[in-house]
>>> print(open('my_file16.cif').read())   # mmCIF, C-alpha atoms
data_data
#
loop_
_atom_site.label_atom_id
_atom_site.label_comp_id
_atom_site.auth_asym_id
_atom_site.auth_seq_id
_atom_site.Cartn_x
_atom_site.Cartn_y
_atom_site.Cartn_z
CA ASN C 3 13.78 9.21 36.50
CA PRO C 4 11.47 6.79 38.30
CA ILE C 5 13.40 4.32 40.45
CA LEU C 6 12.16 1.08 42.00
CA VAL C 7 14.08 -1.10 44.46
CA ILE C 8 12.89 -4.67 44.87
CA ASN C 9 13.98 -7.24 47.45
CA ARG C 10 14.90 -10.75 46.39
CA ASP C 11 11.47 -12.03 47.35
CA THR C 12 10.00 -9.39 44.93
CA SER C 13 8.68 -7.24 47.77
CA ILE C 14 9.00 -3.50 47.12
CA ARG C 15 11.79 -1.95 49.19
CA TYR C 16 11.72 1.59 47.85
CA MET C 17 10.10 3.74 45.16
CA ASN C 18 11.12 7.33 44.58
CA PRO C 19 8.74 10.30 44.16
CA ALA C 20 9.13 10.21 40.37
CA LEU C 21 7.75 6.69 40.26
CA GLU C 22 4.93 7.69 42.60
CA LYS C 23 4.04 10.54 40.23
CA LEU C 24 4.17 8.31 37.17
CA THR C 25 2.07 5.46 38.55
CA GLY C 26 -0.24 7.41 40.85
CA PHE C 27 0.53 5.02 43.71
CA PHE C 28 2.09 6.30 46.93
CA SER C 29 4.96 4.29 48.39
CA SER C 30 2.90 3.75 51.55
CA GLU C 31 0.33 1.88 49.43
CA VAL C 32 2.75 -0.60 47.89
CA MET C 33 5.72 -0.82 50.22
CA GLY C 34 6.42 -4.49 51.02
CA ARG C 35 4.04 -5.70 48.32
CA LYS C 36 5.20 -8.65 46.23
CA ALA C 37 4.62 -9.34 42.54
CA PRO C 38 2.23 -9.03 40.81
CA TYR C 39 2.26 -5.27 41.23
CA PRO C 40 -0.77 -3.01 40.86
CA TRP C 41 0.60 -1.33 37.70
CA TRP C 42 0.92 -4.60 35.84
CA THR C 43 -1.55 -5.29 33.04
CA GLU C 44 -2.68 -8.30 31.07
CA ASP C 45 0.17 -7.52 28.68
CA THR C 46 2.87 -7.78 31.35
CA PRO C 47 4.96 -10.84 30.45
CA PHE C 48 5.36 -11.99 34.07
CA LYS C 49 2.25 -13.66 35.40
CA ASP C 50 3.47 -14.49 38.88
CA GLU C 51 6.24 -14.01 41.42
CA LYS C 52 8.22 -17.03 40.18
CA GLU C 53 8.44 -15.81 36.59
CA PHE C 54 9.35 -12.31 37.72
CA LYS C 55 12.16 -13.54 39.99
CA ALA C 56 13.58 -15.60 37.13
CA ALA C 57 13.64 -12.53 34.89
CA LEU C 58 15.30 -10.39 37.56
CA SER C 59 18.08 -12.91 38.10
CA SER C 60 19.42 -12.28 34.60
CA GLY C 61 18.89 -8.54 34.65
CA VAL C 62 16.71 -6.41 32.40
CA GLN C 63 18.02 -4.15 29.63
CA ASP C 64 15.95 -1.67 27.61
CA ALA C 65 12.77 -3.65 28.18
CA GLU C 66 9.60 -1.88 27.08
CA ARG C 67 6.55 -2.49 29.21
CA LEU C 68 2.95 -1.35 29.09
CA PHE C 69 1.71 -0.52 32.59
CA GLN C 70 -1.32 1.21 34.07
CA LYS C 71 -1.67 4.04 36.55
CA LYS C 72 -3.84 3.95 39.62
CA ASN C 73 -6.59 5.69 37.67
CA GLY C 74 -6.45 3.04 34.93
CA GLU C 75 -4.58 5.13 32.37
CA ARG C 76 -2.05 3.12 30.38
CA PHE C 77 1.57 4.23 29.97
CA TRP C 78 4.77 2.86 28.45
CA VAL C 79 8.17 2.66 30.15
CA GLN C 80 11.62 1.48 29.20
CA ILE C 81 13.22 -0.43 32.07
CA ASN C 82 16.81 -1.22 32.93
CA ALA C 83 17.35 -3.33 36.03
CA ALA C 84 20.32 -5.01 37.68
CA PRO C 85 21.04 -6.77 40.98
CA VAL C 86 22.97 -4.88 43.66
CA LYS C 87 25.50 -7.14 45.39
CA ASP C 88 27.69 -7.12 48.50
CA ASP C 89 30.58 -9.60 48.60
CA GLY C 90 28.91 -11.52 45.78
CA GLU C 91 25.58 -11.75 47.58
CA VAL C 92 22.56 -10.15 45.91
CA LEU C 93 20.93 -7.68 48.27
CA TYR C 94 18.19 -6.27 46.05
CA ASP C 95 17.36 -5.33 42.47
CA LEU C 96 17.50 -1.74 41.29
CA SER C 97 15.43 -0.74 38.29
CA MET C 98 15.27 2.59 36.52
CA TRP C 99 12.32 3.54 34.35
CA VAL C 100 12.02 6.00 31.49
CA ASP C 101 8.55 7.16 30.46
CA ILE C 102 8.30 6.50 26.69
CA THR C 103 4.54 6.93 26.34
CA GLN C 104 4.77 9.89 23.97
CA ARG C 105 7.28 8.07 21.79
CA LYS C 106 5.08 4.97 21.60
CA HIS C 107 2.06 7.08 20.69
CA ALA C 108 4.09 8.82 17.97
CA GLU C 109 5.25 5.44 16.63
CA ALA C 110 1.67 4.15 16.59
CA ALA C 111 0.47 7.28 14.78
CA LEU C 112 3.27 6.88 12.23
CA ARG C 113 2.36 3.22 11.62
CA GLU C 114 -1.28 4.17 11.17
CA SER C 115 -0.31 6.90 8.72
CA GLU C 116 1.93 4.51 6.79
CA GLU C 117 -0.85 1.90 6.66
CA ARG C 118 -3.34 4.47 5.36
CA TYR C 119 -0.83 5.58 2.72
CA ARG C 120 -0.10 1.98 1.74
CA ASP C 121 -3.82 1.23 1.46
CA LEU C 122 -4.26 4.34 -0.66
CA VAL C 123 -1.36 3.46 -2.95
CA GLU C 124 -2.45 -0.15 -3.35
CA ASN C 125 -6.00 0.84 -4.24
CA LEU C 126 -5.18 3.64 -6.65
CA ASN C 127 -5.68 3.09 -10.36
CA ASP C 128 -2.55 5.17 -10.89
CA VAL C 129 0.94 3.69 -10.68
CA LEU C 130 3.38 5.30 -8.25
CA TYR C 131 7.08 4.79 -8.75
CA THR C 132 10.52 5.92 -7.63
CA ILE C 133 13.60 6.07 -9.89
CA THR C 134 17.25 6.79 -9.10
CA PRO C 135 19.01 9.67 -10.92
CA ASP C 136 20.61 6.95 -13.07
CA GLY C 137 17.17 5.84 -14.24
CA VAL C 138 16.94 2.60 -12.25
CA ILE C 139 13.51 1.77 -10.86
CA LYS C 140 13.60 1.47 -7.04
CA TYR C 141 9.90 1.24 -6.22
CA MET C 142 6.74 0.39 -8.14
CA SER C 143 3.29 0.29 -6.57
CA PRO C 144 1.39 -3.04 -6.75
CA VAL C 145 -1.30 -1.70 -9.09
CA VAL C 146 1.26 -1.83 -11.93
CA GLU C 147 0.28 -5.47 -12.44
CA ALA C 148 -3.38 -4.62 -13.07
CA VAL C 149 -2.54 -1.68 -15.34
CA PHE C 150 0.53 -2.90 -17.26
CA GLY C 151 0.74 -6.62 -16.52
CA TYR C 152 4.05 -6.51 -14.64
CA ARG C 153 4.58 -7.55 -11.04
CA PRO C 154 6.55 -4.93 -9.10
CA GLU C 155 9.49 -7.29 -8.66
CA GLU C 156 9.70 -7.71 -12.45
CA VAL C 157 10.48 -4.03 -12.99
CA ILE C 158 12.36 -3.01 -9.84
CA GLY C 159 16.10 -2.85 -10.53
CA ARG C 160 15.65 -2.30 -14.28
CA HIS C 161 16.11 0.92 -16.27
CA PHE C 162 12.90 2.77 -17.05
CA ARG C 163 13.83 3.01 -20.76
CA GLU C 164 13.17 -0.73 -21.10
CA PHE C 165 9.46 -0.07 -20.74
CA ILE C 166 9.11 2.99 -22.98
CA TYR C 167 7.75 2.49 -26.49
CA HIS C 168 10.78 2.76 -28.77
CA LYS C 169 9.46 5.75 -30.72
CA ASP C 170 8.88 7.70 -27.47
CA CYS C 171 12.05 6.65 -25.69
CA ASP C 172 14.13 9.72 -26.55
CA PHE C 173 11.27 12.05 -25.60
CA ALA C 174 10.68 10.32 -22.25
CA SER C 175 14.42 10.35 -21.52
CA ALA C 176 14.59 14.07 -22.24
CA GLU C 177 11.70 14.69 -19.84
CA PHE C 178 13.55 12.69 -17.18
CA GLN C 179 16.67 14.80 -17.66
CA LYS C 180 14.50 17.91 -17.36
CA VAL C 181 13.40 16.75 -13.93
CA LEU C 182 16.99 16.23 -12.84
CA ALA C 183 18.07 19.62 -14.16
CA SER C 184 15.24 21.96 -13.34
CA GLY C 185 12.31 20.36 -11.55
CA SER C 186 9.04 18.64 -12.35
CA SER C 187 7.73 17.30 -15.64
CA VAL C 188 4.28 16.45 -17.01
CA ALA C 189 4.21 14.51 -20.26
CA GLU C 190 2.30 11.95 -22.31
CA PHE C 191 3.96 9.03 -24.06
CA ARG C 192 3.56 5.32 -24.66
CA LEU C 193 4.66 2.32 -22.59
CA TYR C 194 4.87 -1.38 -23.38
CA HIS C 195 2.33 -3.62 -21.70
CA ASN C 196 3.69 -6.98 -20.54
CA SER C 197 1.47 -8.64 -23.14
CA GLY C 198 3.36 -6.80 -25.89
CA GLY C 199 0.71 -4.17 -26.46
CA ILE C 200 1.19 -0.43 -26.19
CA ARG C 201 -0.48 1.89 -23.67
CA TRP C 202 -0.68 5.65 -23.62
CA VAL C 203 0.10 7.23 -20.24
CA HIS C 204 0.07 10.61 -18.56
CA ASN C 205 3.28 10.85 -16.53
CA SER C 206 3.96 13.38 -13.75
CA THR C 207 7.35 13.45 -12.05
CA HIS C 208 9.22 15.55 -9.51
CA PRO C 209 12.65 15.36 -7.89
CA VAL C 210 13.39 14.39 -4.29
CA THR C 211 16.32 16.43 -3.02
CA SER C 212 18.71 16.20 -0.09
CA GLY C 213 19.32 18.98 2.41
CA ALA C 214 22.18 20.13 0.18
CA GLY C 215 19.80 20.46 -2.76
CA GLU C 216 21.10 17.39 -4.61
CA THR C 217 18.51 15.21 -6.38
CA THR C 218 18.59 11.81 -4.72
CA MET C 219 15.50 10.27 -6.29
CA VAL C 220 12.73 10.96 -8.79
CA GLN C 221 9.14 10.20 -7.83
CA GLY C 222 6.33 9.92 -10.30
CA ILE C 223 2.78 8.86 -10.96
CA VAL C 224 1.56 7.24 -14.17
CA THR C 225 -2.08 7.35 -15.29
CA ALA C 226 -3.27 5.11 -18.11
CA ILE C 227 -5.01 7.28 -20.74
CA THR C 228 -5.32 4.91 -23.72
CA GLU C 229 -9.12 4.91 -23.58
CA ARG C 230 -9.21 8.70 -23.39
CA LYS C 231 -6.93 8.89 -26.40
CA ARG C 232 -9.19 6.53 -28.33
CA ARG C 233 -12.26 8.63 -27.51
CA ASN C 234 -10.48 11.74 -28.71
CA TRP C 235 -9.47 10.04 -31.93
CA ARG C 236 -13.08 8.99 -32.56
CA TRP C 237 -14.21 12.59 -32.17
CA LYS C 238 -11.67 13.84 -34.70
#
>>> encode(input="my_file16.cif", output="structure tokens")
Amino acid sequence: NPILVINRDTSIRYMNPALEKLTGFFSSEVMGRKAPYPWWTEDTPFKDEKEFKAALSSGVQDAERLFQKKNGERFWVQINAAPVKDDGEVLYDLSMWVDITQRKHAEAALRESEERYRDLVENLNDVLYTITPDGVIKYMSPVVEAVFGYRPEEVIGRHFREFIYHKDCDFASAEFQKVLASGSSVAEFRLYHNSGGIRWVHNSTHPVTSGAGETTMVQGIVTAITERKRRNWRWK
């Protein structure tokens, strides 16, 4: 791993070949140089030698820093640093770096993917939900308020049967049990709107299983089809 040794006045005492390779700077270019160092960026929390010395005095543990190479390329490192002492006197500070650039890029890509998914879910006209095998609602997408008049927090934690039209409750419950026993289900039934009205829906569900094959959750998507039903009735 890259290693950097810094004197008490922040001048560089030693940098190993791994740190040279990571930063692109040769030790001959930076030896004896005090903070700020050439790999610091505008995001580096220490703006001058005084601030840096204050941080070193208390040690550094698992600090993540964004630095730049000699060619301007940015990279992330995790730093652990501690003072080296002799008879209680601090001689220098030893810091070890771990290149975490790939991990940070993966985390950023994951956040971007999650944001795109969240934007998609929140802008869908369909309602996405998650239910436990016991029938308790664990997640409800925000669009449920526009479609059925409920805020997500009003339905999360309640049993799904509370929202099924009473004449369709047994049918919807049987479809749910089918998902738990043998897989997915596609069905049409009626739900209560928060206003007291009734809405027809197309409901598609599938199980989420553990590595052992046990169903841990049921995910589904509900599409409001009342208007389609009315059109069909008019044609009949």
>>> atom_distance(input="my_file16.cif", atom1="atom CA of Phe162 of chain C", atom2="atom CA of Glu177 of chain C")
12.3 Å
>>> resolve_selection(input="my_file16.cif", expression="the PyMOL selection byres ((chain C and resi 60) around 12)", output="VMD selection string")
chain C and resid 53 to 59 61 to 63 82 to 85 92 95
>>> resolve_selection(input="my_file16.cif", expression="the PyMOL selection byres ((chain C and resi 20) around 10)", output="number ranges by chain")
C: 3-6, 17-19, 21-26, 99
>>> residues_around(input="my_file16.cif", residues="Gln179 of chain C", least_positions_apart="2", cutoff="12 Å", atoms="all atoms listed in the file", output="count of residues only")
22
>>> atom_distance(input="my_file16.cif", atom1="atom CA of Arg76 of chain C", atom2="atom CA of Ile8 of chain C")
22.2 Å
>>> resolve_selection(input="my_file16.cif", expression="the PyMOL selection byres ((chain C and resi 224) around 9)", output="VMD selection string")
chain C and resid 128 to 131 203 to 207 222 to 223 225 to 226
>>> closest_atom_pairs(input="my_file16.cif", of="segment 66-160 of chain C", to="segment 27-48 of chain C", cutoff="6 Å", atoms="all atoms listed in the file", output="tab-separated table")
residue	atom	partner	partner_atom	distance
C:Phe69	CA	C:Trp42	CA	5.3
C:Gln70	CA	C:Trp41	CA	4.8
C:Lys71	CA	C:Trp41	CA	5.9
>>> build_atoms(input="my_file16.cif", residues="segment 19-30 of chain C", atoms="all heavy atoms", output="tab-separated table (two decimals), keeping the file's coordinate frame")
chain	number	residue	atom	x	y	z
C	19	PRO	N	9.89	9.44	44.48
C	19	PRO	CA	8.74	10.30	44.16
C	19	PRO	C	8.39	10.32	42.67
C	19	PRO	O	7.22	10.45	42.31
C	19	PRO	CB	9.18	11.68	44.66
C	19	PRO	CG	10.13	11.38	45.78
C	19	PRO	CD	10.87	10.16	45.33
C	20	ALA	N	9.39	10.20	41.80
C	20	ALA	CA	9.13	10.21	40.37
C	20	ALA	C	8.29	9.01	39.95
C	20	ALA	O	7.42	9.12	39.08
C	20	ALA	CB	10.44	10.24	39.58
C	21	LEU	N	8.54	7.87	40.57
C	21	LEU	CA	7.75	6.69	40.26
C	21	LEU	C	6.35	6.81	40.84
C	21	LEU	O	5.37	6.36	40.23
C	21	LEU	CB	8.45	5.43	40.77
C	21	LEU	CG	7.91	4.13	40.18
C	21	LEU	CD1	9.04	3.17	39.87
C	21	LEU	CD2	6.90	3.45	41.10
C	22	GLU	N	6.25	7.43	42.02
C	22	GLU	CA	4.93	7.69	42.60
C	22	GLU	C	4.11	8.56	41.65
C	22	GLU	O	2.92	8.30	41.41
C	22	GLU	CB	5.07	8.38	43.95
C	22	GLU	CG	5.60	7.51	45.07
C	22	GLU	CD	5.68	8.25	46.39
C	22	GLU	OE1	6.10	9.43	46.38
C	22	GLU	OE2	5.31	7.66	47.41
C	23	LYS	N	4.73	9.61	41.12
C	23	LYS	CA	4.04	10.54	40.23
C	23	LYS	C	3.61	9.84	38.95
C	23	LYS	O	2.50	10.06	38.44
C	23	LYS	CB	4.94	11.72	39.91
C	23	LYS	CG	4.30	12.77	39.03
C	23	LYS	CD	5.25	13.95	38.79
C	23	LYS	CE	4.60	15.00	37.91
C	23	LYS	NZ	5.52	16.16	37.67
C	24	LEU	N	4.47	8.98	38.42
C	24	LEU	CA	4.17	8.31	37.17
C	24	LEU	C	3.04	7.30	37.31
C	24	LEU	O	2.14	7.24	36.47
C	24	LEU	CB	5.42	7.61	36.63
C	24	LEU	CG	5.27	6.83	35.33
C	24	LEU	CD1	4.83	7.75	34.19
C	24	LEU	CD2	6.57	6.13	34.97
C	25	THR	N	3.07	6.52	38.39
C	25	THR	CA	2.07	5.46	38.55
C	25	THR	C	0.81	5.91	39.26
C	25	THR	O	-0.25	5.31	39.10
C	25	THR	CB	2.66	4.28	39.35
C	25	THR	OG1	2.99	4.74	40.68
C	25	THR	CG2	3.91	3.73	38.66
C	26	GLY	N	0.92	6.97	40.07
C	26	GLY	CA	-0.24	7.41	40.85
C	26	GLY	C	-0.36	6.69	42.18
C	26	GLY	O	-1.26	6.98	42.97
C	27	PHE	N	0.54	5.75	42.44
C	27	PHE	CA	0.53	5.02	43.71
C	27	PHE	C	1.55	5.65	44.66
C	27	PHE	O	2.69	5.93	44.26
C	27	PHE	CB	0.89	3.54	43.50
C	27	PHE	CG	-0.15	2.75	42.76
C	27	PHE	CD1	-0.05	2.54	41.39
C	27	PHE	CD2	-1.24	2.22	43.44
C	27	PHE	CE1	-1.01	1.81	40.71
C	27	PHE	CE2	-2.21	1.48	42.77
C	27	PHE	CZ	-2.10	1.28	41.40
C	28	PHE	N	1.15	5.83	45.91
C	28	PHE	CA	2.09	6.30	46.93
C	28	PHE	C	2.89	5.11	47.44
C	28	PHE	O	2.41	3.98	47.47
C	28	PHE	CB	1.35	6.97	48.09
C	28	PHE	CG	0.69	8.26	47.71
C	28	PHE	CD1	-0.68	8.35	47.62
C	28	PHE	CD2	1.45	9.40	47.45
C	28	PHE	CE1	-1.30	9.53	47.26
C	28	PHE	CE2	0.85	10.58	47.09
C	28	PHE	CZ	-0.52	10.66	47.00
C	29	SER	N	4.11	5.37	47.88
C	29	SER	CA	4.96	4.29	48.39
C	29	SER	C	4.31	3.59	49.57
C	29	SER	O	4.47	2.38	49.74
C	29	SER	CB	6.34	4.84	48.78
C	29	SER	OG	6.21	5.86	49.77
C	30	SER	N	3.56	4.35	50.38
C	30	SER	CA	2.90	3.75	51.55
C	30	SER	C	1.86	2.71	51.15
C	30	SER	O	1.52	1.83	51.94
C	30	SER	CB	2.23	4.85	52.38
C	30	SER	OG	1.30	5.58	51.60
